[in-house]
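The data block below is model.txt; it holds compact mmCIF, C-alpha atoms.
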# COMPACT_ATOMS: atom_id res chain seq x y z
CA MET A 1 0.00 0.00 0.00
CA SER A 2 1.45 3.36 -0.98
CA LEU A 3 0.48 6.85 0.04
CA SER A 4 0.75 9.70 -2.43
CA LEU A 5 1.86 13.08 -1.13
CA ASN A 6 -0.95 14.59 -3.14
CA SER A 7 -3.42 12.65 -1.04
CA VAL A 8 -2.45 14.58 2.06
CA SER A 9 -4.73 17.55 2.36
CA SER A 10 -3.37 21.02 3.09
CA SER A 11 -5.28 21.11 6.35
CA SER A 12 -3.68 17.82 7.46
CA ALA A 13 -0.20 19.07 6.59
CA SER A 14 -0.86 22.27 8.45
CA SER A 15 -2.06 20.29 11.47
CA MET A 16 1.08 18.13 11.41
CA SER A 17 3.28 21.20 11.21
CA LEU A 18 1.57 22.84 14.14
CA ARG A 19 2.01 19.72 16.26
CA LEU A 20 5.74 19.62 15.52
CA PHE A 21 6.49 23.23 16.37
CA SER A 22 4.02 23.89 19.15
CA CYS A 23 4.66 23.36 22.84
CA SER A 24 2.20 20.46 22.82
CA SER A 25 4.52 18.00 21.09
CA PRO A 26 3.82 14.24 21.07
CA VAL A 27 6.78 13.74 23.42
CA ASP A 28 6.14 13.62 27.14
CA ASN A 29 7.50 17.06 28.10
CA SER A 30 5.79 17.84 31.37
CA ASN A 31 9.12 18.50 33.13
CA ASP A 32 11.21 19.60 30.15
CA SER A 33 12.37 23.03 29.03
CA TYR A 34 11.73 24.27 25.50
CA TRP A 35 15.18 23.16 24.32
CA ASP A 36 14.81 19.75 25.98
CA GLN A 37 11.68 19.27 23.91
CA TYR A 38 13.40 20.52 20.77
CA TYR A 39 16.33 18.09 21.13
CA LYS A 40 14.03 15.14 21.85
CA ILE A 41 12.16 15.71 18.60
CA PHE A 42 14.79 17.01 16.17
CA ALA A 43 18.19 16.04 17.58
CA PRO A 44 17.99 13.20 20.09
CA GLU A 45 21.76 12.62 19.87
CA ARG A 46 22.34 16.17 21.17
CA GLN A 47 19.99 15.45 24.05
CA GLU A 48 22.05 12.41 25.04
CA GLN A 49 25.27 14.43 24.90
CA LYS A 50 23.70 17.09 27.10
CA ARG A 51 22.69 14.50 29.71
CA GLU A 52 26.27 13.26 29.97
CA LEU A 53 27.53 16.67 31.17
CA PRO A 54 27.42 17.20 34.95
CA ARG A 55 25.00 20.01 35.72
CA ASP A 56 27.33 21.72 38.20
CA ASP A 57 30.16 21.85 35.64
CA THR A 58 28.00 23.39 32.94
CA ARG A 59 26.78 26.05 35.33
CA GLN A 60 30.28 26.98 36.43
CA THR A 61 31.39 27.66 32.84
CA MET A 62 28.56 30.10 32.17
CA PRO A 63 29.28 33.81 32.73
CA LYS A 64 27.17 35.46 35.40
CA LEU A 65 25.94 39.05 35.61
CA THR A 66 26.41 40.23 39.17
CA HIS A 67 23.96 43.13 38.86
CA VAL A 68 21.05 40.81 38.02
CA ASP A 69 19.26 38.75 40.67
CA ALA A 70 17.76 35.27 40.32
CA ASP A 71 14.57 36.74 38.88
CA GLY A 72 16.43 38.75 36.23
CA LYS A 73 15.87 42.08 37.96
CA ALA A 74 18.46 44.78 38.63
CA SER A 75 20.25 44.35 41.95
CA MET A 76 23.05 46.17 43.73
CA VAL A 77 25.95 43.84 44.57
CA ASP A 78 26.53 43.28 48.28
CA VAL A 79 30.27 43.87 48.83
CA GLY A 80 30.08 43.82 52.63
CA ALA A 81 31.93 40.52 52.98
CA LYS A 82 34.76 41.49 50.62
CA THR A 83 38.21 42.44 51.87
CA VAL A 84 39.30 46.08 51.65
CA THR A 85 42.24 46.30 49.23
CA ARG A 86 43.95 48.98 47.18
CA ARG A 87 42.09 49.37 43.89
CA ASP A 88 43.44 51.17 40.83
CA ALA A 89 41.97 51.78 37.39
CA GLU A 90 43.05 53.61 34.26
CA ALA A 91 40.82 54.68 31.37
CA TYR A 92 41.40 56.33 28.01
CA GLY A 93 39.37 58.42 25.61
CA GLU A 94 39.79 61.08 22.96
CA ILE A 95 38.01 63.94 21.25
CA TRP A 96 38.70 65.09 17.71
CA LEU A 97 38.34 68.86 17.34
CA GLY A 98 39.40 69.82 13.85
CA LYS A 99 42.19 72.28 13.10
CA GLU A 100 40.53 75.58 14.08
CA ALA A 101 39.20 74.49 17.48
CA PHE A 102 42.40 72.55 18.18
CA ASP A 103 44.65 75.54 17.46
CA LEU A 104 42.55 77.77 19.73
CA LEU A 105 42.75 75.17 22.50
CA VAL A 106 46.52 74.83 22.28
CA GLU A 107 46.93 78.62 22.23
CA ASN A 108 44.40 79.00 25.08
CA ARG A 109 42.29 81.45 23.07
CA HIS A 110 38.80 79.94 23.41
CA LYS A 111 36.17 82.45 24.59
CA LYS A 112 35.18 80.32 27.59
CA GLY A 113 38.73 80.23 28.92
CA ASP A 114 41.27 77.52 29.72
CA VAL A 115 39.64 74.45 28.18
CA LEU A 116 41.87 71.75 29.61
CA THR A 117 41.89 73.11 33.16
CA VAL A 118 38.10 73.25 33.25
CA ALA A 119 37.91 69.74 31.73
CA LYS A 120 40.30 68.37 34.36
CA VAL A 121 38.27 69.79 37.24
CA ALA A 122 35.06 68.47 35.66
CA ALA A 123 36.57 65.00 35.29
CA ILE A 124 37.66 64.86 38.93
CA MET A 125 34.26 66.05 40.13
CA ALA A 126 32.50 63.50 37.92
CA ALA A 127 34.65 60.63 39.18
CA LYS A 128 33.62 61.47 42.74
CA LYS A 129 29.94 61.53 41.69
CA THR A 130 29.91 58.29 39.71
CA SER A 131 27.43 56.56 42.04
CA SER A 132 24.97 59.40 41.40
CA LEU A 133 25.25 58.89 37.63
CA ILE A 134 25.41 55.08 37.35
CA PRO A 135 22.53 53.64 39.44
CA LEU A 136 24.09 50.43 40.76
CA CYS A 137 27.60 51.74 41.43
CA HIS A 138 28.74 51.96 45.04
CA ASP A 139 29.57 55.29 46.65
CA ILE A 140 33.36 54.97 46.99
CA ALA A 141 35.71 57.27 48.86
CA LEU A 142 38.41 57.94 46.29
CA SER A 143 41.97 58.47 47.46
CA HIS A 144 43.28 59.90 44.18
CA VAL A 145 42.10 61.02 40.74
CA ASP A 146 44.58 62.09 38.08
CA VAL A 147 43.61 63.33 34.63
CA GLN A 148 46.13 64.09 31.90
CA PHE A 149 45.63 65.52 28.41
CA GLU A 150 47.75 64.89 25.34
CA PRO A 151 47.02 67.27 22.43
CA VAL A 152 47.95 65.74 19.07
CA GLY A 153 48.46 68.31 16.32
CA GLU A 154 49.90 67.87 12.86
CA SER A 155 52.20 64.86 13.05
CA ASN A 156 52.96 61.54 11.43
CA VAL A 157 50.17 59.70 13.23
CA ALA A 158 46.95 58.89 11.42
CA LYS A 159 44.78 60.98 13.75
CA GLN A 160 45.44 64.72 14.06
CA HIS A 161 43.91 67.72 15.83
CA LEU A 162 42.60 65.72 18.76
CA VAL A 163 43.08 65.51 22.51
CA ARG A 164 43.89 62.19 24.14
CA ILE A 165 42.55 61.82 27.67
CA HIS A 166 44.05 59.59 30.37
CA ALA A 167 42.39 59.12 33.78
CA ARG A 168 43.78 57.21 36.77
CA VAL A 169 41.71 56.55 39.88
CA SER A 170 42.72 54.91 43.17
CA THR A 171 41.01 53.90 46.40
CA ALA A 172 41.16 51.46 49.30
CA SER A 173 37.81 49.73 49.09
CA GLN A 174 35.83 46.51 48.72
CA THR A 175 35.04 47.19 45.06
CA GLY A 176 36.85 48.55 42.02
CA VAL A 177 37.01 52.03 40.50
CA GLU A 178 36.93 51.29 36.77
CA MET A 179 33.59 53.05 36.40
CA GLU A 180 35.02 56.15 38.10
CA ALA A 181 37.92 56.20 35.63
CA LEU A 182 35.60 55.76 32.65
CA VAL A 183 33.26 58.49 33.89
CA ALA A 184 36.22 60.84 34.38
CA VAL A 185 37.36 60.35 30.78
CA SER A 186 33.83 60.71 29.41
CA VAL A 187 33.05 63.93 31.27
CA ALA A 188 36.45 65.40 30.39
CA ALA A 189 35.70 64.83 26.69
CA LEU A 190 32.19 66.28 27.00
CA THR A 191 33.54 69.34 28.83
CA ILE A 192 36.07 69.96 26.06
CA TYR A 193 33.19 69.72 23.58
CA ASP A 194 31.17 72.25 25.56
CA MET A 195 34.10 74.65 25.84
CA CYS A 196 34.78 74.50 22.09
CA LYS A 197 31.29 74.33 20.59
CA ALA A 198 31.16 78.09 19.98
CA VAL A 199 33.73 77.46 17.23
CA THR A 200 32.38 74.21 15.78
CA HIS A 201 29.97 71.38 16.46
CA ASN A 202 31.92 69.08 14.18
CA MET A 203 33.76 67.30 16.99
CA ILE A 204 33.88 63.57 17.69
CA VAL A 205 34.17 61.88 21.08
CA GLY A 206 35.36 58.28 20.93
CA ASP A 207 37.63 55.38 21.81
CA ILE A 208 36.60 55.46 25.46
CA ARG A 209 37.91 52.30 27.08
CA LEU A 210 39.21 50.77 30.28
CA MET A 211 42.98 50.31 30.03
CA LYS A 212 43.85 48.71 33.34
CA LYS A 213 42.40 47.66 36.68
CA SER A 214 43.99 45.97 39.66
CA GLY A 215 43.35 45.02 43.26
CA GLY A 216 40.17 43.02 42.80
CA LYS A 217 39.25 39.43 42.03
CA ARG A 218 40.21 39.83 38.36
CA ASP A 219 42.96 42.17 37.19
CA PHE A 220 42.81 43.53 33.65
CA CYS A 221 45.33 45.15 31.32
CA ARG A 222 44.73 46.22 27.72
CA GLU A 223 47.33 46.82 25.05
CA LYS A 224 48.44 50.37 24.33
CA ALA A 225 45.47 52.52 23.30
CA THR A 226 47.10 54.51 20.54
CA GLU A 227 49.80 54.20 17.92

Show me this structure written as structure tokens.
Amino acid sequence: MSLSLNSVSSSSASSMSLRLFSCSSPVDNSNDSYWDQYYKIFAPERQEQKRELPRDDTRQTMPKLTHVDADGKASMVDVGAKTVTRRDAEAYGEIWLGKEAFDLLVENRHKKGDVLTVAKVAAIMAAKKTSSLIPLCHDIALSHVDVQFEPVGESNVAKQHLVRIHARVSTASQTGVEMEALVAVSVAALTIYDMCKAVTHNMIVGDIRLMKKSGGKRDFCREKATE
């Protein structure tokens, strides 16, 4: 006895398709997740491989977001049990100004005054206020904030007429200060923009990145930011 494909009605085919891809599959799935059901139907060999892996081992290899609780909601990390250690972080960023605004900055002839001095003060103030800007950051007593600027004019490097920004932040605390360093760099760049926007709005803030952090559970060090 043979069955022609043409003999299967469109409604029957549709019904079969729905049964395959709906949650109510013909497999007993009362205690299975969606992917357990999927593997049982379409890739049973993958299901067997999955069962061979110890559950504890698979969980340990998965990255975990510390600012998310078991229900997937935002949560502030409890650092009360952590040891107080020296924490350091360095961040980098830059702002491209264009020739006219850059020349005025280097010559200190912008109408608003000394651009880099104002930007440095703004960066230090912002670092100390990081917990007010980033909701789940801890309020940390900073022991030191250093901000340095490196104007790059006409030279052999690919990027010209920009200011490179370096921020270093230190503390003795139970949590790190990488966010404080990143905020310092960001606000320094935005302050430079504000001080120069009377001349041009064609400025670009970019390449903001963490360069180094130490003193916590995981140290980090990036390669040199610029060529």

Checklist entry - What does the distance between atom CA of Gly176 of chain A and atom CA of Leu210 of chain A come to in Å, to one decimal place? => result 12.2 Å

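Residues in contact range of His144 of chain A, defined as at most 12 Å between only C-alpha atoms, with sequence neighbours fewer than 4 positions away removed, read Arg86, Arg87, Asp88, Ala89, Glu90, Ile124, Met125, Ala127, Lys128, Ile140, Ala167, Arg168, Val169, Ser170, Thr171, Ala172, Val177, Glu180 and Ala181 of chain A.
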
Checklist entry - In Å to one decimal, how far is atom CA of Ala198 of chain A from atom CA of Leu105 of chain A? => result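 The value is 12.2 Å.
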
Next on the checklist: Here's a test: counting all atoms listed in the file, identify every protein, DNA and RNA residue with an atom at most 12 Å from (42.4, 78.6, 20.4) in the file's coordinate frame, and state them as a PyMOL selection string.
Outcome noted: chain A and resi 97-116+161+195-200

Checklist outcome for this item: Using all atoms listed in the file, the best pick from A:Cys137, A:Val152, A:Val147, A:Ala123 as closest to Val183 of chain A would be A:Ala123

Item to check | Shortest interatomic distance to Ile204 of chain A - which of A:Lys120, A:Lys82, A:Lys129, A:Lys159, counting all atoms listed in the file | outcome: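 Among A:Lys120, A:Lys82, A:Lys129, A:Lys159, it is A:Lys159 that comes nearest to Ile204 of chain A.
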